file structure_19.cif (mmCIF, C-alpha atoms)
data_target
#
loop_
_atom_site.label_atom_id
_atom_site.label_comp_id
_atom_site.auth_asym_id
_atom_site.auth_seq_id
_atom_site.Cartn_x
_atom_site.Cartn_y
_atom_site.Cartn_z
CA MET A 61 132.05 72.96 70.55
CA GLU A 62 133.06 75.51 73.14
CA GLU A 63 131.22 75.19 76.41
CA GLU A 64 129.40 78.34 77.48
CA VAL A 65 127.73 79.35 80.66
CA ASP A 66 124.05 78.58 80.94
CA GLU A 67 122.19 81.87 81.21
CA THR A 68 118.68 80.48 80.96
CA GLU A 69 118.30 80.58 84.74
CA SER A 70 119.22 84.24 85.09
CA VAL A 71 115.66 85.31 85.80
CA HIS A 72 114.64 87.87 88.37
CA GLN A 73 112.83 86.39 91.34
CA VAL A 74 111.72 89.30 93.48
CA TYR A 75 110.23 88.86 96.95
CA MET A 76 108.49 91.88 98.44
CA ALA A 77 107.14 92.90 101.85
CA CYS A 78 104.73 95.79 102.39
CA LEU A 79 103.48 97.36 105.60
CA MET A 80 101.44 100.44 106.38
CA HIS A 81 101.46 102.43 109.61
CA GLY A 82 99.07 105.34 109.50
CA HIS A 83 99.69 107.01 106.13
CA ARG A 84 103.29 105.80 105.90
CA VAL A 85 103.92 102.78 103.66
CA GLY A 86 107.14 100.80 103.93
CA ILE A 87 108.19 98.49 101.11
CA SER A 88 111.19 96.21 100.96
CA TYR A 89 112.00 93.78 98.17
CA TYR A 90 114.85 91.34 97.59
CA ASP A 91 116.20 90.47 94.13
CA SER A 92 117.55 86.91 94.19
CA LEU A 93 119.58 87.46 91.01
CA THR A 94 121.61 90.44 92.20
CA ARG A 95 121.27 89.59 95.94
CA GLU A 96 120.28 93.19 96.67
CA LEU A 97 117.79 94.42 99.25
CA HIS A 98 115.82 97.53 98.23
CA VAL A 99 113.92 99.66 100.75
CA LEU A 100 111.37 102.36 100.13
CA GLU A 101 109.04 104.58 102.15
CA PHE A 102 106.37 106.94 100.92
CA TRP A 103 103.27 108.76 102.14
CA GLU A 104 99.87 107.67 100.86
CA ASP A 105 97.27 110.42 100.75
CA GLY A 106 94.42 108.11 101.70
CA THR A 107 93.17 107.17 98.24
CA ALA A 108 91.72 103.70 98.06
CA ASP A 109 93.65 102.53 94.98
CA PHE A 110 97.20 103.14 96.35
CA PRO A 111 98.77 104.34 93.04
CA LEU A 112 102.34 104.34 94.35
CA ILE A 113 102.06 100.70 95.43
CA ASP A 114 100.78 99.81 91.97
CA MET A 115 103.73 101.66 90.43
CA VAL A 116 106.25 99.74 92.57
CA LYS A 117 104.55 96.42 91.76
CA TYR A 118 104.66 97.21 88.05
CA GLN A 119 108.35 98.10 88.19
CA VAL A 120 109.74 95.24 90.28
CA LYS A 121 107.22 92.50 89.31
CA PRO A 122 107.36 90.56 92.58
CA LEU A 123 106.81 86.82 92.67
CA ILE A 124 105.38 86.88 96.22
CA ILE A 125 104.24 89.82 98.36
CA TYR A 126 104.28 89.36 102.14
CA THR A 127 102.26 91.47 104.52
CA SER A 128 100.94 91.30 108.05
CA THR A 129 97.71 89.59 109.04
CA LYS A 130 96.71 92.87 110.71
CA SER A 131 96.88 94.84 107.46
CA GLU A 132 93.85 96.83 106.43
CA GLU A 133 91.47 95.49 103.81
CA SER A 134 92.18 98.38 101.48
CA LEU A 135 95.91 97.61 101.54
CA LEU A 136 95.29 93.89 100.91
CA ALA A 137 93.05 94.73 97.97
CA ALA A 138 95.74 96.99 96.50
CA LEU A 139 98.41 94.31 96.93
CA GLN A 140 96.23 91.59 95.36
CA GLN A 141 95.22 93.73 92.41
CA ASN A 142 96.82 92.71 89.11
CA ASP A 143 96.98 94.87 86.00
CA GLY A 144 96.73 91.81 83.73
CA ALA A 145 99.79 92.79 81.70
CA SER A 146 102.16 90.62 83.72
CA GLU A 147 102.02 87.29 85.49
CA ALA A 148 99.91 87.22 88.61
CA HIS A 149 101.76 87.44 91.90
CA THR A 150 100.89 85.78 95.20
CA VAL A 151 100.04 87.66 98.39
CA LYS A 152 100.88 85.82 101.60
CA LEU A 153 99.72 86.88 105.05
CA MET A 154 102.29 86.40 107.80
CA LYS A 155 102.01 86.70 111.56
CA SER A 156 102.31 90.26 112.77
CA SER A 157 105.08 89.18 115.17
CA VAL A 158 107.32 88.55 112.14
CA PHE A 159 107.24 92.28 111.43
CA SER A 160 107.75 93.39 115.03
CA TYR A 161 110.21 96.24 115.37
CA GLU A 162 112.51 94.49 117.88
CA GLN A 163 112.97 91.32 115.80
CA ALA A 164 113.32 93.28 112.57
CA TRP A 165 115.93 95.60 114.11
CA HIS A 166 117.95 92.65 115.44
CA ARG A 167 117.84 91.02 111.99
CA LEU A 168 119.11 94.16 110.27
CA VAL A 169 121.86 94.82 112.82
CA TYR A 170 123.41 91.40 112.17
CA LEU A 171 122.94 91.57 108.41
CA ARG A 172 126.15 90.79 106.51
CA VAL A 173 126.69 93.15 103.59
CA THR A 174 129.47 92.73 101.06
CA GLY A 175 132.33 95.04 102.03
CA MET A 176 131.52 95.04 105.73
CA ASP A 177 134.45 94.20 108.00
CA ASP A 178 134.11 91.10 110.15
CA GLY A 179 135.21 92.73 113.39
CA LEU A 180 132.58 95.46 113.60
CA ASN A 181 130.70 95.87 116.87
CA VAL A 182 127.01 96.73 117.14
CA LYS A 183 127.51 100.51 117.03
CA GLU A 184 129.76 100.27 113.99
CA ARG A 185 127.25 97.97 112.27
CA ILE A 186 124.50 100.52 112.90
CA CYS A 187 126.65 103.30 111.39
CA PHE A 188 127.43 101.13 108.37
CA LEU A 189 123.74 100.30 107.93
CA SER A 190 122.64 103.92 108.29
CA SER A 191 124.83 104.83 105.31
CA MET A 192 122.64 102.65 103.07
CA MET A 193 119.10 103.11 104.44
CA ASP A 194 117.07 105.27 106.80
CA ILE A 195 117.21 103.26 110.03
CA GLU A 196 115.09 105.91 111.77
CA SER A 197 112.10 104.90 109.67
CA GLU A 198 110.06 102.36 111.63
CA VAL A 199 108.11 101.02 108.65
CA GLN A 200 111.30 100.53 106.63
CA VAL A 201 112.96 98.63 109.46
CA ARG A 202 109.89 96.45 110.05
CA ALA A 203 109.39 95.65 106.36
CA SER A 204 113.08 94.93 105.69
CA GLY A 205 113.75 92.88 108.83
CA GLY A 206 110.51 90.95 108.44
CA LEU A 207 111.29 90.15 104.82
CA LEU A 208 114.77 88.87 105.76
CA ALA A 209 113.24 86.63 108.45
CA ILE A 210 110.69 85.22 106.00
CA LEU A 211 113.26 84.55 103.27
CA GLU A 212 115.54 82.85 105.77
CA THR A 213 112.69 80.64 107.01
CA GLU A 214 111.67 79.69 103.47
CA ARG A 215 115.34 79.18 102.51
CA VAL A 216 115.29 81.61 99.61
CA MET A 217 118.69 82.98 100.66
CA ASP A 218 121.43 80.40 100.34
CA THR A 219 124.28 82.05 102.18
CA ILE A 220 123.88 82.14 105.94
CA GLU A 221 126.59 82.45 108.54
CA GLN A 222 126.87 82.33 112.32
CA ASN A 223 127.22 85.65 114.09
CA GLU A 224 128.73 86.28 117.48
CA CYS A 225 125.41 85.68 119.27
CA GLY A 226 125.12 82.17 117.87
CA SER A 227 122.19 82.97 115.55
CA VAL A 228 122.24 82.99 111.78
CA SER A 229 123.30 86.06 109.81
CA ILE A 230 122.21 86.54 106.23
CA ALA A 231 124.75 87.79 103.68
CA ILE A 232 123.68 90.02 100.77
CA ASN A 233 125.50 92.21 98.28
CA SER A 234 124.00 95.60 99.15
CA VAL A 235 121.10 97.54 100.65
CA MET A 236 119.71 100.28 98.43
CA GLN A 237 117.43 103.13 99.45
CA ILE A 238 114.98 104.04 96.69
CA SER A 239 113.66 107.56 96.59
CA LEU A 240 110.72 108.68 94.45
CA ASN A 241 112.02 112.24 94.32
CA LYS A 242 113.03 113.52 90.86
CA PHE A 243 111.31 110.54 89.24
CA LEU A 244 108.30 110.78 86.96
CA LYS A 245 105.45 108.74 88.42
CA VAL A 246 104.01 106.63 85.57
CA ASP A 247 101.33 104.03 86.16
CA SER A 248 100.78 100.80 84.24
CA ALA A 249 97.94 102.30 82.15
CA ALA A 250 100.26 105.01 80.84
CA TYR A 251 102.97 102.46 79.99
CA GLU A 252 100.41 100.39 78.09
CA ALA A 253 98.91 103.37 76.27
CA LEU A 254 102.34 104.66 75.21
CA GLN A 255 103.42 101.09 74.35
CA ILE A 256 106.68 101.51 76.24
CA PHE A 257 106.79 97.76 76.83
CA GLN A 258 105.04 94.97 74.96
CA THR A 259 105.30 91.39 76.21
CA ASP A 260 104.64 88.70 73.60
CA LYS A 261 103.85 85.41 75.28
CA HIS A 262 105.08 82.14 73.83
CA PRO A 263 102.46 80.62 71.47
CA SER A 264 102.73 77.21 73.09
CA HIS A 265 99.75 76.32 75.30
CA MET A 266 101.85 73.73 77.16
CA GLY A 267 103.73 76.35 79.15
CA ILE A 268 106.91 75.72 77.15
CA GLY A 269 109.11 78.65 76.24
CA ARG A 270 109.49 82.13 77.61
CA ALA A 271 107.84 85.44 76.80
CA LYS A 272 109.85 88.01 74.87
CA GLU A 273 109.74 91.73 74.21
CA GLY A 274 107.48 92.59 71.30
CA PHE A 275 107.09 95.74 69.21
CA SER A 276 107.56 98.55 71.72
CA VAL A 277 109.57 101.69 72.42
CA PHE A 278 111.89 99.71 74.66
CA GLY A 279 112.29 97.02 72.00
CA MET A 280 113.30 99.58 69.38
CA MET A 281 115.70 101.41 71.70
CA ASN A 282 117.29 98.29 73.15
CA LYS A 283 120.60 97.79 71.33
CA CYS A 284 122.39 96.40 74.40
CA VAL A 285 124.58 93.34 73.93
CA THR A 286 125.01 92.48 77.63
CA PRO A 287 122.32 91.32 80.08
CA MET A 288 123.40 93.98 82.59
CA GLY A 289 122.99 96.76 80.02
CA LYS A 290 119.53 95.53 79.06
CA ARG A 291 118.43 95.49 82.72
CA LEU A 292 119.82 98.99 83.29
CA LEU A 293 118.04 100.36 80.22
CA ARG A 294 114.79 98.75 81.37
CA THR A 295 115.21 100.39 84.78
CA TRP A 296 115.68 103.76 83.08
CA PHE A 297 112.40 103.28 81.21
CA LEU A 298 110.60 102.13 84.34
CA ARG A 299 111.89 105.06 86.41
CA PRO A 300 112.11 108.08 84.11
CA ILE A 301 114.06 110.87 85.76
CA LEU A 302 113.23 114.57 85.92
CA ASP A 303 116.80 115.83 86.37
CA LEU A 304 117.68 117.73 83.17
CA ASP A 305 121.42 117.65 83.84
CA ASN A 306 121.35 113.88 84.19
CA LEU A 307 119.25 113.53 81.05
CA ASN A 308 121.59 115.73 79.02
CA SER A 309 124.58 113.79 80.32
CA ARG A 310 123.03 110.52 79.13
CA LEU A 311 122.28 112.01 75.72
CA ASN A 312 125.80 113.38 75.33
CA ILE A 313 127.30 110.00 76.23
CA SER A 314 125.03 108.23 73.72
CA PHE A 315 126.07 110.64 70.93
CA PHE A 316 129.73 110.17 71.86
CA VAL A 317 129.60 106.37 71.94
CA SER A 318 127.55 106.12 68.74
CA SER A 319 130.50 107.27 66.62
CA GLU A 320 131.41 104.64 64.05
CA GLU A 321 135.01 104.21 65.17
CA LEU A 322 133.98 103.39 68.73
CA LEU A 323 130.67 101.61 68.23
CA THR A 324 131.98 98.59 66.34
CA SER A 325 134.90 97.86 68.65
CA LEU A 326 132.81 98.38 71.80
CA ARG A 327 129.99 96.12 70.62
CA ASP A 328 132.38 93.36 69.52
CA THR A 329 134.14 93.49 72.88
CA LEU A 330 130.98 93.66 74.99
CA LYS A 331 129.55 90.58 73.27
CA SER A 332 132.01 88.52 75.32
CA VAL A 333 130.68 89.91 78.61
CA LYS A 334 128.21 87.42 80.07
CA ASP A 335 125.77 87.84 82.95
CA VAL A 336 128.41 88.43 85.62
CA PRO A 337 125.97 88.91 88.57
CA HIS A 338 124.34 85.57 87.74
CA ILE A 339 127.74 83.85 87.53
CA LEU A 340 128.89 85.36 90.83
CA LYS A 341 125.65 84.24 92.44
CA LYS A 342 126.36 80.66 91.32
CA PHE A 343 129.90 80.88 92.68
CA ASN A 344 128.64 82.12 96.04
CA SER A 345 125.68 79.73 96.39
CA PRO A 346 126.34 76.40 98.15
CA SER A 347 123.36 74.84 96.35
CA SER A 348 124.66 75.60 92.83
CA VAL A 349 127.14 73.52 90.86
CA CYS A 350 129.74 75.58 89.01
CA THR A 351 131.08 74.12 85.78
CA CYS A 352 134.12 74.90 83.69
CA GLY A 353 131.82 76.82 81.37
CA ASP A 354 130.98 79.22 84.19
CA TRP A 355 134.66 79.89 84.89
CA THR A 356 135.38 80.27 81.17
CA ALA A 357 132.57 82.80 80.78
CA PHE A 358 133.76 84.66 83.88
CA LEU A 359 137.33 84.89 82.57
CA LYS A 360 136.14 86.02 79.14
CA SER A 361 134.00 88.70 80.76
CA LEU A 362 136.92 90.01 82.81
CA SER A 363 139.19 90.01 79.77
CA ALA A 364 136.61 91.91 77.71
CA LEU A 365 136.08 94.50 80.44
CA LEU A 366 139.82 95.09 80.71
CA HIS A 367 139.98 95.46 76.93
CA ILE A 368 137.37 98.25 77.06
CA ASN A 369 139.83 100.41 78.98
CA LYS A 370 142.36 99.87 76.20
CA ILE A 371 139.77 100.94 73.62
CA PHE A 372 139.14 104.19 75.47
CA GLU A 373 142.87 104.80 75.93
CA LEU A 374 144.00 104.06 72.37
CA GLY A 375 140.88 104.12 70.19
CA ILE A 376 139.75 107.71 70.70
CA SER A 377 140.91 110.19 68.09
CA GLU A 378 141.65 113.84 68.73
CA ASN A 379 138.36 114.85 67.12
CA LEU A 380 136.40 112.57 69.44
CA GLN A 381 138.36 113.83 72.42
CA GLU A 382 137.49 117.40 71.52
CA GLN A 383 133.79 116.46 71.29
CA ALA A 384 134.00 114.76 74.67
CA ASN A 385 135.54 117.86 76.22
CA TYR A 386 132.96 120.11 74.57
CA PHE A 387 129.98 118.08 75.84
CA SER A 388 131.66 117.42 79.22
CA VAL A 389 131.46 113.67 78.67
CA ASN A 390 133.31 111.82 81.41
CA ILE A 391 132.64 108.27 80.28
CA VAL A 392 136.37 107.56 79.92
CA GLU A 393 137.01 108.59 83.52
CA LYS A 394 134.03 106.56 84.72
CA ALA A 395 135.22 103.49 82.87
CA ALA A 396 138.72 103.88 84.30
CA SER A 397 137.36 104.19 87.84
CA CYS A 398 135.05 101.16 87.53
CA ILE A 399 137.34 98.93 85.48
CA SER A 400 140.38 99.19 87.71
CA MET A 401 143.45 97.00 88.11
CA ASP A 402 141.56 95.03 90.73
CA LEU A 403 139.87 93.20 87.86
CA ALA A 404 143.27 92.32 86.42
CA TYR A 405 144.29 90.97 89.83
CA VAL A 406 141.12 88.85 90.00
CA TYR A 407 141.77 87.57 86.48
CA GLU A 408 145.34 86.52 87.31
CA LEU A 409 144.15 84.96 90.56
CA VAL A 410 141.52 82.82 88.80
CA VAL A 411 143.91 81.83 86.03
CA GLY A 412 146.48 80.74 88.63
CA VAL A 413 143.99 78.45 90.39
CA VAL A 414 141.42 77.25 87.87
CA ASP A 415 142.18 75.02 84.88
CA VAL A 416 139.24 75.46 82.51
CA ASN A 417 140.60 72.95 79.95
CA ARG A 418 140.87 69.99 82.34
CA SER A 419 137.42 68.63 81.48
CA LYS A 420 138.40 68.51 77.80
CA ASP A 421 141.79 66.91 78.38
CA LYS A 422 140.92 64.47 81.18
CA GLY A 423 137.25 63.85 80.46
CA TYR A 424 136.08 64.86 83.93
CA GLU A 425 135.79 68.13 85.79
CA THR A 426 138.21 69.05 88.56
CA THR A 427 138.79 72.72 87.98
CA VAL A 428 141.75 73.28 90.34
CA LYS A 429 145.17 73.20 88.70
CA ASP A 430 147.87 70.63 89.48
CA GLY A 431 150.39 71.68 92.10
CA PHE A 432 148.05 74.13 93.85
CA CYS A 433 147.02 71.78 96.68
CA ASP A 434 149.01 68.66 97.60
CA GLU A 435 146.06 66.94 99.25
CA LEU A 436 143.86 67.52 96.22
CA ASP A 437 146.61 66.26 93.89
CA GLU A 438 146.89 63.07 95.93
CA LEU A 439 143.14 62.47 95.80
CA ARG A 440 143.11 63.20 92.07
CA GLN A 441 145.91 60.68 91.49
CA ILE A 442 144.01 58.02 93.45
CA TYR A 443 140.92 58.69 91.36
CA GLU A 444 142.86 58.44 88.09
CA GLU A 445 144.39 55.11 89.17
CA LEU A 446 141.03 53.59 90.13
CA PRO A 447 140.39 51.82 86.76
CA GLU A 448 143.75 50.03 86.86
CA PHE A 449 143.23 49.12 90.52
CA LEU A 450 139.78 47.66 89.85
CA GLU A 451 141.13 45.69 86.89
CA GLU A 452 143.85 44.24 89.08
CA VAL A 453 141.37 43.29 91.79
CA SER A 454 139.06 41.57 89.29
CA SER A 455 142.01 39.59 87.84
CA LEU A 456 143.03 38.39 91.30
CA GLU A 457 139.46 37.36 92.07
CA LEU A 458 139.13 35.40 88.83
CA ALA A 459 142.41 33.64 89.50
CA ARG A 460 141.38 32.80 93.07
CA LEU A 461 138.04 31.30 92.07
CA PRO A 462 138.69 28.46 89.57
CA TYR A 463 135.09 28.02 88.41
CA MET A 464 135.12 31.60 87.14
CA SER A 465 137.37 30.82 84.22
CA ARG A 466 137.37 32.55 80.91
CA ASP A 467 135.76 29.54 79.17
CA LYS A 468 132.68 29.56 81.37
CA LEU A 469 130.28 32.41 81.61
CA LEU A 470 129.34 33.75 85.01
CA PRO A 471 125.84 32.70 86.07
CA GLN A 472 123.29 35.37 85.41
CA VAL A 473 120.03 33.73 86.60
CA ILE A 474 119.77 31.40 89.60
CA TYR A 475 116.67 29.25 90.28
CA ILE A 476 115.96 28.33 93.90
CA ASN A 477 113.53 25.55 94.81
CA GLN A 478 110.87 26.55 97.26
CA ILE A 479 109.24 23.86 99.44
CA VAL A 480 105.73 24.83 100.46
CA PRO A 481 103.74 22.77 103.02
CA HIS A 482 100.76 20.89 101.56
CA ARG A 483 98.16 22.54 103.79
CA LEU A 484 99.44 25.98 102.99
CA TYR A 485 99.36 25.14 99.29
CA GLU A 486 95.70 24.03 99.55
CA GLN A 487 94.75 27.22 101.33
#
call {"tool": "encode", "arguments": {"input": "structure_19.cif", "output": "structure tokens"}}
result
Amino acid sequence: MEEEVDETESVHQVYMACLMHGHRVGISYYDSLTRELHVLEFWEDGTADFPLIDMVKYQVKPLIIYTSTKSEESLLAALQQNDGASEAHTVKLMKSSVFSYEQAWHRLVYLRVTGMDDGLNVKERICFLSSMMDIESEVQVRASGGLLAILETERVMDTIEQNECGSVSIAINSVMQISLNKFLKVDSAAYEALQIFQTDKHPSHMGIGRAKEGFSVFGMMNKCVTPMGKRLLRTWFLRPILDLDNLNSRLNISFFVSSEELLTSLRDTLKSVKDVPHILKKFNSPSSVCTCGDWTAFLKSLSALLHINKIFELGISENLQEQANYFSVNIVEKAASCISMDLAYVYELVVGVVDVNRSKDKGYETTVKDGFCDELDELRQIYEELPEFLEEVSSLELARLPYMSRDKLLPQVIYINQIVPHRLYEQ
């Protein structure tokens, strides 16, 4: 039976921090699956129920929400409120010094983001950071830097490195600024009334099993075959856009892809694409153990993604191409820009280093190929010769000790006489 990657652990664990300064509310949340930090700032008009906070909580479904001990009671009540449709979250109060501007700013300046050069100085780091978030916003800086400090203390983030000042520097994939402009603000009551989502809990009362999507609009529209596509479609439903051009572009792409000649080949190819962000997280985490199944799933995913480019290059007829030009569909160009030859280079690099069939041939897992590292080959040879070496040692020991002959069994139980003084025995 072919070994596949275990995707049961690819569950979102979102940690969120929320602060309020005046009428400005700063929210930052970290997704442990994608290793992305999201930042958000909005203006509350003074209403006691904080509808925008409820909307963010409903969308991201945080596991824990952190806030300052000096937060107002109205904000704490809004953070602790639960709509009842999802699992209850925990609100933790942290010292206000954790969210101080100076410490938070220092934490963000030495944040390691994927794609950032190692030799950047402080000014260059600030410029790089300002391209991803509004560093002029005090509440955003305090919420984001405080959240990073908390997650580092509670060891939620695995990857930490030493920066030039000698302190730890957290590495993440990206920082994303979320804007509520051009988005339709929908609260949890509207989602429930329209039955956009419907969570069916597992019938077991023992806590075994996982909830699944029931009869809902999202359940009927979800035809995605990859975990990434399902998460993207869910995000689209959670954050409906108001931009008509963007909406029409999505509709035109869906009509174009739904043609029979493309749909079958695309679905069959995409079925081989596993949860790549989850696999990359395992590769990058020092606390995770990567198996040959993970590398096999990763290689299959890369191969399938490269094959999609071939489908768009060779599988589109002239009629389809005319429709794409008429509706201004640029999905082929987008696929070519995202699925570049860099993926082919990564595929060849992994194939040249990793031997995914070694566990089947040898019976144990050492994923690096022979001849790649002399030191590793020498250690592997010593390990493979261990059974013969131990047999030889046992034969020499049996020959050296005459009473351990083949005709006599080795003693298994030994009785030792114990002499106890008479007075002690009486006591």
call {"tool": "resolve_selection", "arguments": {"input": "structure_19.cif", "expression": "the PyMOL selection byres ((chain A and resi 247) around 8)", "output": "ChimeraX atom specification"}}
result
/A:111,114-115,118,245-246,248-251
call {"tool": "atom_distance", "arguments": {"input": "structure_19.cif", "atom1": "atom CA of A:Ile238", "atom2": "atom CA of A:Leu189"}}
result
14.7 Å
call {"tool": "atom_distance", "arguments": {"input": "structure_19.cif", "atom1": "atom CA of A:Phe159", "atom2": "atom CA of A:Ala203"}}
result
6.5 Å
call {"tool": "residues_around", "arguments": {"input": "structure_19.cif", "residues": "A:Leu293", "least_positions_apart": "3", "cutoff": "12 Å", "atoms": "only C-alpha atoms", "output": "list in words"}}
result
Val277, Phe278, Gly279, Met280, Met281, Asn282, Lys283, Cys284, Val285, Thr286, Pro287, Met288, Gly289, Lys290, Trp296, Phe297, Leu298, Arg299, Pro300 and Arg310 of chain A
call {"tool": "write_last_selection", "arguments": {"input": "structure_19.cif", "atoms": "C-alpha atoms", "output": "mmCIF file, in the coordinates of the input"}}
result
data_model
loop_
_atom_site.group_PDB
_atom_site.id
_atom_site.type_symbol
_atom_site.label_atom_id
_atom_site.label_comp_id
_atom_site.auth_asym_id
_atom_site.auth_seq_id
_atom_site.Cartn_x
_atom_site.Cartn_y
_atom_site.Cartn_z
ATOM 1 C CA VAL A 277 109.570 101.690 72.420
ATOM 2 C CA PHE A 278 111.890 99.710 74.660
ATOM 3 C CA GLY A 279 112.290 97.020 72.000
ATOM 4 C CA MET A 280 113.300 99.580 69.380
ATOM 5 C CA MET A 281 115.700 101.410 71.700
ATOM 6 C CA ASN A 282 117.290 98.290 73.150
ATOM 7 C CA LYS A 283 120.600 97.790 71.330
ATOM 8 C CA CYS A 284 122.390 96.400 74.400
ATOM 9 C CA VAL A 285 124.580 93.340 73.930
ATOM 10 C CA THR A 286 125.010 92.480 77.630
ATOM 11 C CA PRO A 287 122.320 91.320 80.080
ATOM 12 C CA MET A 288 123.400 93.980 82.590
ATOM 13 C CA GLY A 289 122.990 96.760 80.020
ATOM 14 C CA LYS A 290 119.530 95.530 79.060
ATOM 15 C CA TRP A 296 115.680 103.760 83.080
ATOM 16 C CA PHE A 297 112.400 103.280 81.210
ATOM 17 C CA LEU A 298 110.600 102.130 84.340
ATOM 18 C CA ARG A 299 111.890 105.060 86.410
ATOM 19 C CA PRO A 300 112.110 108.080 84.110
ATOM 20 C CA ARG A 310 123.030 110.520 79.130
#
call {"tool": "closest_residue", "arguments": {"input": "structure_19.cif", "among": "A:Leu330, A:Ala364, A:Ile124, A:Ile313", "to": "A:Glu214", "atoms": "only C-alpha atoms"}}
result
A:Ile124
call {"tool": "closest_residue", "arguments": {"input": "structure_19.cif", "among": "A:Val169, A:Ala396, A:Ala271, A:Leu207", "to": "A:Cys187", "atoms": "all atoms listed in the file"}}
result
A:Val169
call {"tool": "atom_distance", "arguments": {"input": "structure_19.cif", "atom1": "atom CA of A:Asn181", "atom2": "atom CA of A:Val99"}}
result
23.6 Å
call {"tool": "resolve_selection", "arguments": {"input": "structure_19.cif", "expression": "the PyMOL selection byres ((chain A and resi 134) around 12)", "output": "ChimeraX atom specification"}}
result
/A:80,106-110,113,130-133,135-141
call {"tool": "closest_residue", "arguments": {"input": "structure_19.cif", "among": "A:Asn233, A:Thr94, A:Asn369, A:Ser276", "to": "A:Ile256", "atoms": "only C-alpha atoms"}}
result
A:Ser276
call {"tool": "closest_residue", "arguments": {"input": "structure_19.cif", "among": "A:Val411, A:Lys261, A:Trp355, A:Ser400", "to": "A:Lys370", "atoms": "all atoms listed in the file"}}
result
A:Ser400
call {"tool": "residues_around", "arguments": {"input": "structure_19.cif", "residues": "A:Val333", "least_positions_apart": "5", "cutoff": "8 Å", "atoms": "all atoms listed in the file", "output": "PyMOL selection string"}}
result
chain A and resi 286+357+360-362+364-365
call {"tool": "residues_around", "arguments": {"input": "structure_19.cif", "residues": "stretch 149-153 of chain A", "least_positions_apart": "3", "cutoff": "6 Å", "atoms": "only C-alpha atoms", "output": "ChimeraX atom specification"}}
result
/A:123-129
call {"tool": "resolve_selection", "arguments": {"input": "structure_19.cif", "expression": "the PyMOL selection byres ((chain A and resi 425-438) around 12)", "output": "PyMOL selection string"}}
result
chain A and resi 349-356+409-424+439-445
call {"tool": "residues_around", "arguments": {"input": "structure_19.cif", "residues": "A:Ile376", "least_positions_apart": "6", "cutoff": "12 Å", "atoms": "all atoms listed in the file", "output": "number ranges by chain"}}
result
A: 316-317, 319-323, 325-326, 368-370, 382-384, 391-392
call {"tool": "residues_near_point", "arguments": {"input": "structure_19.cif", "point": "(116.2, 89.0, 90.4)", "cutoff": "10 Å", "atoms": "all atoms listed in the file", "output": "ChimeraX atom specification"}}
result
/A:70-75,90-96,120-123,337-338
call {"tool": "axis_aligned_box", "arguments": {"input": "structure_19.cif", "around": "stretch 95-104 of chain A", "padding_each_side": "8 Å", "output": "AutoDock Vina command-line options"}}
result
--center_x 110.6 --center_y 99.2 --center_z 99.0 --size_x 37.4 --size_y 35.2 --size_z 22.2
call {"tool": "closest_residue", "arguments": {"input": "structure_19.cif", "among": "A:Lys272, A:Arg291, A:Arg172, A:Lys331", "to": "A:Ala231", "atoms": "all atoms listed in the file"}}
result
A:Arg172
call {"tool": "residues_around", "arguments": {"input": "structure_19.cif", "residues": "A:Val235", "least_positions_apart": "4", "cutoff": "12 Å", "atoms": "all atoms listed in the file", "output": "ChimeraX atom specification"}}
result
/A:88-91,94-100,168,171-176,188-195,200,204-205,208,231
call {"tool": "closest_residue", "arguments": {"input": "structure_19.cif", "among": "A:Val201, A:Asn344, A:Lys183, A:Gln163", "to": "A:Leu79", "atoms": "all atoms listed in the file"}}
result
A:Val201
call {"tool": "build_atoms", "arguments": {"input": "structure_19.cif", "residues": "stretch 132-138 of chain A", "atoms": "N, CA, C and O atoms", "output": "PDB file, keeping the file's coordinate frame"}}
result
ATOM      1  N   GLU A 132      95.201  96.397 106.755  1.00  0.00           N
ATOM      2  CA  GLU A 132      93.850  96.830 106.430  1.00  0.00           C
ATOM      3  C   GLU A 132      93.379  96.189 105.125  1.00  0.00           C
ATOM      4  O   GLU A 132      94.172  95.812 104.267  1.00  0.00           O
ATOM      5  N   GLU A 133      92.045  96.110 105.000  1.00  0.00           N
ATOM      6  CA  GLU A 133      91.470  95.490 103.810  1.00  0.00           C
ATOM      7  C   GLU A 133      91.803  96.259 102.549  1.00  0.00           C
ATOM      8  O   GLU A 133      92.011  95.680 101.476  1.00  0.00           O
ATOM      9  N   SER A 134      91.861  97.574 102.662  1.00  0.00           N
ATOM     10  CA  SER A 134      92.180  98.380 101.480  1.00  0.00           C
ATOM     11  C   SER A 134      93.602  98.107 100.990  1.00  0.00           C
ATOM     12  O   SER A 134      93.849  98.037  99.782  1.00  0.00           O
ATOM     13  N   LEU A 135      94.542  97.925 101.933  1.00  0.00           N
ATOM     14  CA  LEU A 135      95.910  97.610 101.540  1.00  0.00           C
ATOM     15  C   LEU A 135      95.986  96.218 100.916  1.00  0.00           C
ATOM     16  O   LEU A 135      96.687  96.025  99.907  1.00  0.00           O
ATOM     17  N   LEU A 136      95.287  95.251 101.485  1.00  0.00           N
ATOM     18  CA  LEU A 136      95.290  93.890 100.910  1.00  0.00           C
ATOM     19  C   LEU A 136      94.710  93.901  99.504  1.00  0.00           C
ATOM     20  O   LEU A 136      95.224  93.220  98.606  1.00  0.00           O
ATOM     21  N   ALA A 137      93.644  94.660  99.304  1.00  0.00           N
ATOM     22  CA  ALA A 137      93.050  94.730  97.970  1.00  0.00           C
ATOM     23  C   ALA A 137      94.022  95.352  96.964  1.00  0.00           C
ATOM     24  O   ALA A 137      94.116  94.903  95.809  1.00  0.00           O
ATOM     25  N   ALA A 138      94.769  96.364  97.404  1.00  0.00           N
ATOM     26  CA  ALA A 138      95.740  96.990  96.500  1.00  0.00           C
ATOM     27  C   ALA A 138      96.891  96.043  96.188  1.00  0.00           C
ATOM     28  O   ALA A 138      97.398  96.019  95.060  1.00  0.00           O
TER      29      ALA A 138
END
